[in-house]
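Accompanying notes for the structure given below.
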Amino acid sequence: MPESQNNRSDAGVRIVRTTSTFDCGGRCPLRLHVKDNRILRVEGDDIEEPGQLRTCLRCRALRKYVHHPARLMFPQRRTGRRGEGRFERISWDEALDSLAGQLKRIKQAYGNEGIFLATGGGYLAGLHNGGFAATRLLNQFGGCITHYGNISSEGAVWASLTQYGSVMVGNSREDLMNSRLIILWGWDPARMISGTNTMYHLIRARENGARVIAVDPRYHDTAATVADEWIPIRPGTDTAVFVAMANVMIKEGLQDRQFLDKYTIGFDRFKEYVLGRDDGVDKTPAWAADISGVDAAVIERLAREYATTKPAALMDCQGPARSAMGEQYNRCAATLCAMTGNVGRPGGSAGGGLMGIPVGHMFRMSAIPPGKNPLEAEGPNVKGTLDIRLRVVKRVHINKIFDAILKGKAGGYPADIKLMWSMCNNYLNQTGNSNKAAKALQQLEFFCVNELFMTAQARYADLLLPVTSAAERSDLTRPWPSGPYFTFMNRALEPLGECKSDLEIASELAERLDIRDFNPHSEDQWLKLLVDHNPEYRQHITDFEAFKRDGIHRVKLDEPIVAFSDQIADIEKNPFPTPSGRIEIFSQRVADIGNPGVPPIPMYMPAKEDRFDPLSSRYPLQLITPHPKNRVHSELFLVDWLSEVEPHRVWLNPADAGVRGIKDGEGVLVYNDRGTVAITAWVTERIIPGVVCIFEGSWYAPDDKGIDRGACANTLTRDDYSGGGAAVLNTTLVEVKRETPGSQPAEPGPR
Amino acid sequence: MQIGFYFDQTRCTGCGACQVACKDWNDVDAGPEKWMRVQYMEQGRFPKPFVSYMIAPCWHCLQPVCAEACPAAAITKREKDGIVVVDSEACLGNAACNVKCLKACPYGAPQFGPQTAAKMRKCDFCLERFEQGKSPTCVQACPVRALDAGPLDALEARYGSCREAVGFDYSYRTRPAVVLKAKAR
């Protein structure tokens with residue numbers, strides 16, 4: 001019989017209503033069938049259709065994750081070399097004494113600035129969140145150095161804050177039904193869940209008669225399902241095409257002058273740039289065609305179609321913004337949304353990349369109060385700043401954590417890092433340049449990791465603390481960019497093995513660090529408090545017990561939410577939350593920063609490792625690293641039900657494969673100066689020539705020659721960020737060659 | 001009565017949620033045994049490729065040739081609802097009969113695990129759910145509502161009687177219980 005045979009008779013099976021806490025972009029009601037402290041089956045939402053919030057394949061496989069035989073079940077201490085993966089079991093008392101002792105030792109020897117706390121998005125919930133407990137603990141311990149920004153969306157955040165003064169730039173997904181034209185720009189919701197049911201709403205909008213155009217280096221599954229037209233484009237050149245579309249609109253008088261006059265400032269400055277009155281370069285479709293690989297005639301037609309079809313939703317996602325100059329892309333998209341008068345209108349869109357709606361958003365959830373970090377008390381005021389340089393005075397940019405460990409103060413970082421404590425993340429795998437990260441981790445005096453699995457990063461730990469999965473905790477969750485609804489997680493299982501939550505770990509450390517009253521509440525009390533003290537919950541949740549019982553509270557809306565509809569209805573009464581009260585196509589705040597990397601109007605600019613970099617003579621292919629469909633970043637990686645859905649492969653156009661003698665299904669090496677990954681080739685017509693694609697999140701696994709056999713995309717990417725703070729993970733040049741068994745690559749990556 | 005499946009190929013994104021939900025509900029390990037499969041088809045050349053997906057459960061054929069092929073009479077078609085079920089205990093195992101059912105089925109529905117003498121198992125329309133009045137788990141799992149199931153005549157009344165789709169050949173010999181909406185190039 002298969003190993004997973006369970007006793008599935010109905011007797012004694014409990015149905016537990018909960019959700020996951022993955023950083024997936026959805027939040028779906030789940031009904032877990034539980035018996036003998038084991039999840040036997042997973043069912044989804046059970047209200048009558050339409051309106052079910054249907055979970056995706058990831059949570060359908062949840063029990064294989066929770067009960068995975070590789071789950072870490074007890075504390076462990078390293079016995080081999082760092083990164084070798086050899087550990088021995090120890091008791092919790094030994095483990096907590098060890099971490100507390102190391103924290104005290106580092107504090108005494110180097111001060112609190114020797115301590116680095118790496119939190120993350122591994123679980124997103126109110127109580128058991130990405131490191132709030134540890135943040136609260138270390139803040140009470142005298143502070144620590146930590147990171148700024150998130151790896152996913154800083155370009156979009158910067159663009160939205162600049163343009164609109166707000167990150168709530170999305171419309172309800174139901175509003176797609178009002179669109180006549182939908183442009184999927186770097187957006188693949190069949191794979192990257194932009195809110196539960198988003199792909200379904202998109203399909204229904206198409207069935208309702210909307211024309212759909214996909215602009216993307218890949219003919220992704222969303223395009224294959226709904227797009228009337230695919231416009232292949234080179235990565236990093238989207239802004240050039242936007243600028244040329246603006247050029248067409250201006251020259252043909254297609255822009256919505258009334259809208260621009262009433263709701264925006266600075267359009268004239270943008271127009272000067274577009275027409276080349278400042279630099280002598282008329283940014284015509286022909287100009288953009290040379291840059292982007294999109295025919296000038298196609299750019300002209302797209303510009304006219306977008307400007308004259310009303311309403312039209314330009315859906316610019318975050319992937320293209322995860323690049324050098326990434327924020328220019330989302331800003332320029334938002335500018336086109338204004339030029340076409342689609343902001344704040346049903347069926348339109350505001351652009352800006354974030355797609356979140358302002359009711360029930362995850363960003364507006366309550367969490368354990370972290371308190372103030374004493375080490376940041378003296379720093380510059382960074383609240384709302386667009387000057388990224390100020391944000392890295394006291395903190396480290398998320399895509400520079402490992403560089404900061406290697407270089408410290410001498411490299412311009414805020415501290416010399418001696419100890420790292422990490423939880424809810426696998427940054428070695430999920431930020432740029434994994435080989436550098438592996439090297440940096442060797443340099444730490446002490447590295448403690450709270451984890452569920454022996455991830456690529458956890459292998460480098462000195463001390464491993466086993467953490468409960470979300471099924472072993474009660475909590476509050478919220479949808480991420482869409483809703484509105486609120487979800488309650490009922491604990492399905494008692495903690496497995498010796499696992500503890502991060503909150504329990506922090507609480508037990510508090511006693512050892514002589515911190516009093518660190519955790520005064522039980523889990524149930526915390527959850528009630530977090531609901532009672534949150535203005536949105538207070539408004540919507542009138543019956544806490546019913547909320548718990550149902551696991552969800554759905555907010556009924558008369559009409560879909562449309563971002564900035566209040567501003568468009570009455571701009572005098574409801575100005576935009578920008579300094580001018582208008583949409584800022586020109587931003588004085590940005591001009592005042594004086595950083596040429598972030599001009600005050602959106603602009604296309606050349607960048608390091610773009611397709612025209614001289615380095616392209618050695619590494620002629622551009623690499624993109626989109627979200628995988630069968631895991632959440634690097635979470636769920638070991639779940640075999642999911643990995644068998646889609647093998648991990650590099651996408652190659654037949655033209656690029658042919659000249660390299662590569663056949664479909666063959667082993668290849670993808671490499672640049674930062675590293676080499678070994679991976680299977682998938683030769684497909686679905687990617688533009690000159691570009692290769694590896695989905696992020698596969699676990700880094702270097703062999704003894706330094707070749708990453710796990711084919712982690714970030715072995716190839718760069719640990720840098722744009723002027724607006726975007727991680728440049730989609731701005732990477734590589735070369736690909738066949739891997740002949742037993743041979744060495746011509747240019748092996750660094751060890 | 002004859003039950004059947006409806007599949008809207010124009011909606012399917014190939015995500016695999018149906019396949020995973022099937023494995024979860026029926027407790028089937030990762031590996032070659034897949035009671036629900038999702039087949040991928042790519043045609044055409046850059047920049048105009050054509051991509052489609054086709055699901056492959058058991059179609060609970062009106063003429064189940066698998067049942068005729070089975071030397072142990074382990075496969076039967078239920079009189080009252082037309083669900084084709086296998087008595088895995090009675091199955092001789094894949095080695096003993098050299099997978100006669102699988103060879104007979106034009107759709108590859110009979111499934112065998114990787115172990116020696118694996119007994120045949122396959123989609124049973126989520127019989128346990130069916131008897132409680134629930135639709136198969138794959139139908140409930142589809143995030144884009146590309147699937148439906150129920151009495152075949154009701155499906156035909158609702159969705160028509162198209163039996164063509166990319167990557168699917170309707171077998172007049174076995175007569176699969178299916179209504180399709182095909183993706184057009």
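We label chains A, B, ... in the order they appear in the structure tokens, count residues from 1 in each chain, and number ligands from 1 in the order shown.
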> When the cut-off is 7 Å and we count only C-alpha atoms, which residues of chain B are near chain A, given as a PyMOL selection string?
Replying inline: chain B and resi 10-13+16-17+20-21+24-25+27+29-30+45-46+49+51+141+143-144
Could you pull the residues within 9 Å of B:Val99, counting only C-alpha atoms, minus those fewer than 3 positions along the same chain, as a PDB file with all heavy atoms, in the first residue's frame?
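around-v1.pdb was written with the following content:
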```pdb
ATOM      1  N   CYS B  70     -10.598  -6.965 -19.178  1.00  0.00           N
ATOM      2  CA  CYS B  70     -10.067  -7.461 -17.901  1.00  0.00           C
ATOM      3  C   CYS B  70     -10.297  -8.961 -17.769  1.00  0.00           C
ATOM      4  O   CYS B  70     -11.445  -9.432 -17.791  1.00  0.00           O
ATOM      5  CB  CYS B  70     -10.720  -6.737 -16.732  1.00  0.00           C
ATOM      6  SG  CYS B  70     -10.141  -7.354 -15.133  1.00  0.00           S
ATOM      7  N   GLY B  93      -3.205  -7.603 -11.002  1.00  0.00           N
ATOM      8  CA  GLY B  93      -1.936  -6.883 -10.902  1.00  0.00           C
ATOM      9  C   GLY B  93      -1.333  -6.665 -12.272  1.00  0.00           C
ATOM     10  O   GLY B  93      -1.613  -7.436 -13.209  1.00  0.00           O
ATOM     11  N   ASN B  94      -0.514  -5.612 -12.395  1.00  0.00           N
ATOM     12  CA  ASN B  94      -0.076  -5.190 -13.727  1.00  0.00           C
ATOM     13  C   ASN B  94       0.801  -6.233 -14.437  1.00  0.00           C
ATOM     14  O   ASN B  94       0.795  -6.336 -15.649  1.00  0.00           O
ATOM     15  CB  ASN B  94       0.625  -3.831 -13.675  1.00  0.00           C
ATOM     16  CG  ASN B  94       1.786  -3.801 -12.701  1.00  0.00           C
ATOM     17  OD1 ASN B  94       2.096  -4.813 -12.066  1.00  0.00           O
ATOM     18  ND2 ASN B  94       2.404  -2.649 -12.565  1.00  0.00           N
ATOM     19  N   ALA B  95       1.566  -7.009 -13.657  1.00  0.00           N
ATOM     20  CA  ALA B  95       2.450  -7.991 -14.282  1.00  0.00           C
ATOM     21  C   ALA B  95       1.672  -9.193 -14.813  1.00  0.00           C
ATOM     22  O   ALA B  95       1.935  -9.684 -15.912  1.00  0.00           O
ATOM     23  CB  ALA B  95       3.517  -8.453 -13.279  1.00  0.00           C
ATOM     24  N   ALA B  96       0.697  -9.635 -14.033  1.00  0.00           N
ATOM     25  CA  ALA B  96      -0.003 -10.877 -14.353  1.00  0.00           C
ATOM     26  C   ALA B  96      -0.732 -10.815 -15.695  1.00  0.00           C
ATOM     27  O   ALA B  96      -0.681 -11.775 -16.478  1.00  0.00           O
ATOM     28  CB  ALA B  96      -0.975 -11.226 -13.239  1.00  0.00           C
ATOM     29  N   LEU B 102      -5.500  -1.108 -19.532  1.00  0.00           N
ATOM     30  CA  LEU B 102      -4.835   0.122 -19.978  1.00  0.00           C
ATOM     31  C   LEU B 102      -4.614   0.099 -21.491  1.00  0.00           C
ATOM     32  O   LEU B 102      -4.788   1.112 -22.180  1.00  0.00           O
ATOM     33  CB  LEU B 102      -3.500   0.290 -19.233  1.00  0.00           C
ATOM     34  CG  LEU B 102      -2.654   1.506 -19.580  1.00  0.00           C
ATOM     35  CD1 LEU B 102      -3.435   2.799 -19.362  1.00  0.00           C
ATOM     36  CD2 LEU B 102      -1.374   1.538 -18.735  1.00  0.00           C
ATOM     37  N   LYS B 103      -4.241  -1.082 -21.995  1.00  0.00           N
ATOM     38  CA  LYS B 103      -4.017  -1.198 -23.441  1.00  0.00           C
ATOM     39  C   LYS B 103      -5.322  -1.023 -24.220  1.00  0.00           C
ATOM     40  O   LYS B 103      -5.329  -0.505 -25.335  1.00  0.00           O
ATOM     41  CB  LYS B 103      -3.392  -2.549 -23.773  1.00  0.00           C
ATOM     42  CG  LYS B 103      -1.911  -2.575 -23.400  1.00  0.00           C
ATOM     43  CD  LYS B 103      -1.303  -3.933 -23.661  1.00  0.00           C
ATOM     44  CE  LYS B 103       0.182  -3.909 -23.360  1.00  0.00           C
ATOM     45  NZ  LYS B 103       0.707  -5.270 -23.186  1.00  0.00           N
ATOM     46  N   ALA B 104      -6.423  -1.450 -23.613  1.00  0.00           N
ATOM     47  CA  ALA B 104      -7.718  -1.339 -24.291  1.00  0.00           C
ATOM     48  C   ALA B 104      -8.252   0.093 -24.279  1.00  0.00           C
ATOM     49  O   ALA B 104      -8.916   0.525 -25.225  1.00  0.00           O
ATOM     50  CB  ALA B 104      -8.730  -2.269 -23.632  1.00  0.00           C
ATOM     51  N   PRO B 110      -6.907   3.744 -16.879  1.00  0.00           N
ATOM     52  CA  PRO B 110      -6.483   2.824 -15.814  1.00  0.00           C
ATOM     53  C   PRO B 110      -5.073   3.167 -15.321  1.00  0.00           C
ATOM     54  O   PRO B 110      -4.171   3.394 -16.132  1.00  0.00           O
ATOM     55  CB  PRO B 110      -6.524   1.445 -16.487  1.00  0.00           C
ATOM     56  CG  PRO B 110      -7.496   1.602 -17.619  1.00  0.00           C
ATOM     57  CD  PRO B 110      -7.262   3.004 -18.114  1.00  0.00           C
ATOM     58  N   PHE B 112      -1.688   2.585 -12.591  1.00  0.00           N
ATOM     59  CA  PHE B 112      -0.950   1.634 -11.778  1.00  0.00           C
ATOM     60  C   PHE B 112       0.159   2.375 -11.027  1.00  0.00           C
ATOM     61  O   PHE B 112       0.839   3.228 -11.605  1.00  0.00           O
ATOM     62  CB  PHE B 112      -0.318   0.546 -12.654  1.00  0.00           C
ATOM     63  CG  PHE B 112      -1.332  -0.324 -13.354  1.00  0.00           C
ATOM     64  CD1 PHE B 112      -1.794   0.010 -14.622  1.00  0.00           C
ATOM     65  CD2 PHE B 112      -1.839  -1.463 -12.731  1.00  0.00           C
ATOM     66  CE1 PHE B 112      -2.739  -0.778 -15.272  1.00  0.00           C
ATOM     67  CE2 PHE B 112      -2.791  -2.256 -13.376  1.00  0.00           C
ATOM     68  CZ  PHE B 112      -3.247  -1.911 -14.652  1.00  0.00           C
ATOM     69  N   MET B 120      -4.750  -2.243 -10.408  1.00  0.00           N
ATOM     70  CA  MET B 120      -5.279  -1.076 -11.115  1.00  0.00           C
ATOM     71  C   MET B 120      -6.215  -0.278 -10.211  1.00  0.00           C
ATOM     72  O   MET B 120      -7.011  -0.853  -9.472  1.00  0.00           O
ATOM     73  CB  MET B 120      -6.031  -1.511 -12.378  1.00  0.00           C
ATOM     74  CG  MET B 120      -6.333  -0.367 -13.329  1.00  0.00           C
ATOM     75  SD  MET B 120      -7.870   0.534 -13.005  1.00  0.00           S
ATOM     76  CE  MET B 120      -9.013  -0.392 -14.033  1.00  0.00           C
TER      77      MET B 120
END
```
>> Just list as a list in words whatever in stretch 178-358 of chain A DSSP marks as strand (DSSP E or B).
In response: Leu181, Ile182, Ile183, Leu184, Trp185, Arg211, Val212, Ile213, Ala214, Val215, Asp216, Arg218, Glu229, Trp230, Ile231, Pro232, Thr264, Ile265, Ala312, Ala313, Leu314, Met315 and Asp316 of chain A
> Among stretch 30-170 of chain B, which ones does DSSP place in helix (DSSP H, G or I), written as number ranges by chain?
Replying inline: B: 65-69, 94-97, 100-104, 127-131, 137-141, 152-159
Keeping only N, CA and C atoms, take the residues you just selected and write them out as a CSV table (one decimal), in the first residue's frame.
```csv
chain,number,residue,atom,x,y,z
B,65,VAL,N,-14.6,-0.6,-22.7
B,65,VAL,CA,-13.8,-1.7,-23.2
B,65,VAL,C,-12.8,-2.2,-22.2
B,66,CYS,N,-12.4,-1.4,-21.2
B,66,CYS,CA,-11.5,-1.9,-20.2
B,66,CYS,C,-12.2,-3.1,-19.5
B,67,ALA,N,-13.5,-3.0,-19.2
B,67,ALA,CA,-14.2,-4.0,-18.5
B,67,ALA,C,-14.1,-5.3,-19.3
B,68,GLU,N,-14.4,-5.2,-20.7
B,68,GLU,CA,-14.3,-6.3,-21.5
B,68,GLU,C,-12.9,-7.0,-21.6
B,69,ALA,N,-11.9,-6.1,-21.5
B,69,ALA,CA,-10.5,-6.6,-21.6
B,69,ALA,C,-10.0,-7.3,-20.3
B,94,ASN,N,-0.5,-5.6,-12.4
B,94,ASN,CA,-0.1,-5.2,-13.7
B,94,ASN,C,0.8,-6.2,-14.4
B,95,ALA,N,1.6,-7.0,-13.7
B,95,ALA,CA,2.5,-8.0,-14.3
B,95,ALA,C,1.7,-9.2,-14.8
B,96,ALA,N,0.7,-9.6,-14.0
B,96,ALA,CA,0.0,-10.9,-14.4
B,96,ALA,C,-0.7,-10.8,-15.7
B,97,CYS,N,-1.4,-9.7,-16.0
B,97,CYS,CA,-2.2,-9.6,-17.2
B,97,CYS,C,-1.6,-8.7,-18.2
B,100,LYS,N,-4.0,-5.3,-19.5
B,100,LYS,CA,-4.9,-5.4,-20.6
B,100,LYS,C,-5.9,-4.2,-20.6
B,101,CYS,N,-6.4,-3.8,-19.4
B,101,CYS,CA,-7.3,-2.7,-19.4
B,101,CYS,C,-6.7,-1.4,-19.9
B,102,LEU,N,-5.5,-1.1,-19.5
B,102,LEU,CA,-4.8,0.1,-20.0
B,102,LEU,C,-4.6,0.1,-21.5
B,103,LYS,N,-4.2,-1.1,-22.0
B,103,LYS,CA,-4.0,-1.2,-23.4
B,103,LYS,C,-5.3,-1.0,-24.2
B,104,ALA,N,-6.4,-1.4,-23.6
B,104,ALA,CA,-7.7,-1.3,-24.3
B,104,ALA,C,-8.3,0.1,-24.3
B,127,LEU,N,-16.7,8.4,-5.8
B,127,LEU,CA,-17.9,7.7,-5.4
B,127,LEU,C,-18.4,8.0,-4.0
B,128,GLU,N,-17.5,8.1,-3.1
B,128,GLU,CA,-17.9,8.5,-1.7
B,128,GLU,C,-18.6,9.8,-1.7
B,129,ARG,N,-18.1,10.8,-2.4
B,129,ARG,CA,-18.7,12.1,-2.5
B,129,ARG,C,-20.0,12.0,-3.3
B,130,PHE,N,-20.0,11.3,-4.4
B,130,PHE,CA,-21.2,11.2,-5.2
B,130,PHE,C,-22.3,10.6,-4.4
B,131,GLU,N,-22.0,9.7,-3.5
B,131,GLU,CA,-23.1,9.1,-2.7
B,131,GLU,C,-23.7,10.0,-1.7
B,137,THR,N,-14.1,15.9,-6.5
B,137,THR,CA,-13.3,16.9,-5.9
B,137,THR,C,-12.6,17.7,-7.0
B,138,CYS,N,-12.3,17.2,-8.1
B,138,CYS,CA,-11.6,17.9,-9.2
B,138,CYS,C,-12.5,19.1,-9.7
B,139,VAL,N,-13.8,18.9,-9.7
B,139,VAL,CA,-14.8,19.9,-10.1
B,139,VAL,C,-14.8,21.0,-9.1
B,140,GLN,N,-14.8,20.7,-7.8
B,140,GLN,CA,-14.8,21.7,-6.7
B,140,GLN,C,-13.4,22.4,-6.7
B,141,ALA,N,-12.4,21.7,-7.2
B,141,ALA,CA,-11.0,22.3,-7.0
B,141,ALA,C,-10.7,23.3,-8.1
B,152,LEU,N,-25.3,13.0,-17.5
B,152,LEU,CA,-24.9,13.4,-18.9
B,152,LEU,C,-26.0,14.2,-19.6
B,153,ASP,N,-27.2,13.8,-19.4
B,153,ASP,CA,-28.3,14.5,-20.2
B,153,ASP,C,-28.4,15.9,-19.6
B,154,ALA,N,-28.2,16.1,-18.3
B,154,ALA,CA,-28.3,17.4,-17.8
B,154,ALA,C,-27.1,18.3,-18.2
B,155,LEU,N,-26.0,17.7,-18.3
B,155,LEU,CA,-24.8,18.4,-18.9
B,155,LEU,C,-25.0,18.8,-20.3
B,156,GLU,N,-25.6,17.9,-21.1
B,156,GLU,CA,-25.9,18.2,-22.5
B,156,GLU,C,-26.9,19.3,-22.6
B,157,ALA,N,-27.9,19.3,-21.7
B,157,ALA,CA,-29.0,20.3,-21.8
B,157,ALA,C,-28.3,21.7,-21.5
B,158,ARG,N,-27.4,21.7,-20.6
B,158,ARG,CA,-26.8,22.9,-20.1
B,158,ARG,C,-25.7,23.4,-21.1
B,159,TYR,N,-24.8,22.5,-21.6
B,159,TYR,CA,-23.6,22.9,-22.3
B,159,TYR,C,-23.6,22.4,-23.8
```
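Atom CA of A:Met420 lies 13.4 Å from atom CA of A:Tyr110.
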> Which of these, A:Leu509, A:Ala11, A:Val241, A:Ala591, has the shortest distance to A:Asp290 once you count only C-alpha atoms?
Replying inline: A:Val241
>> At a cut-off of 9 Å, using only C-alpha atoms, what residues contact A:Arg391? Leave out same-chain residues fewer than 4 positions from it and give the result as JSON, numbers by chain.
In response: {"A": [148, 149, 380, 381, 382, 385, 386, 387, 395, 396, 397]}
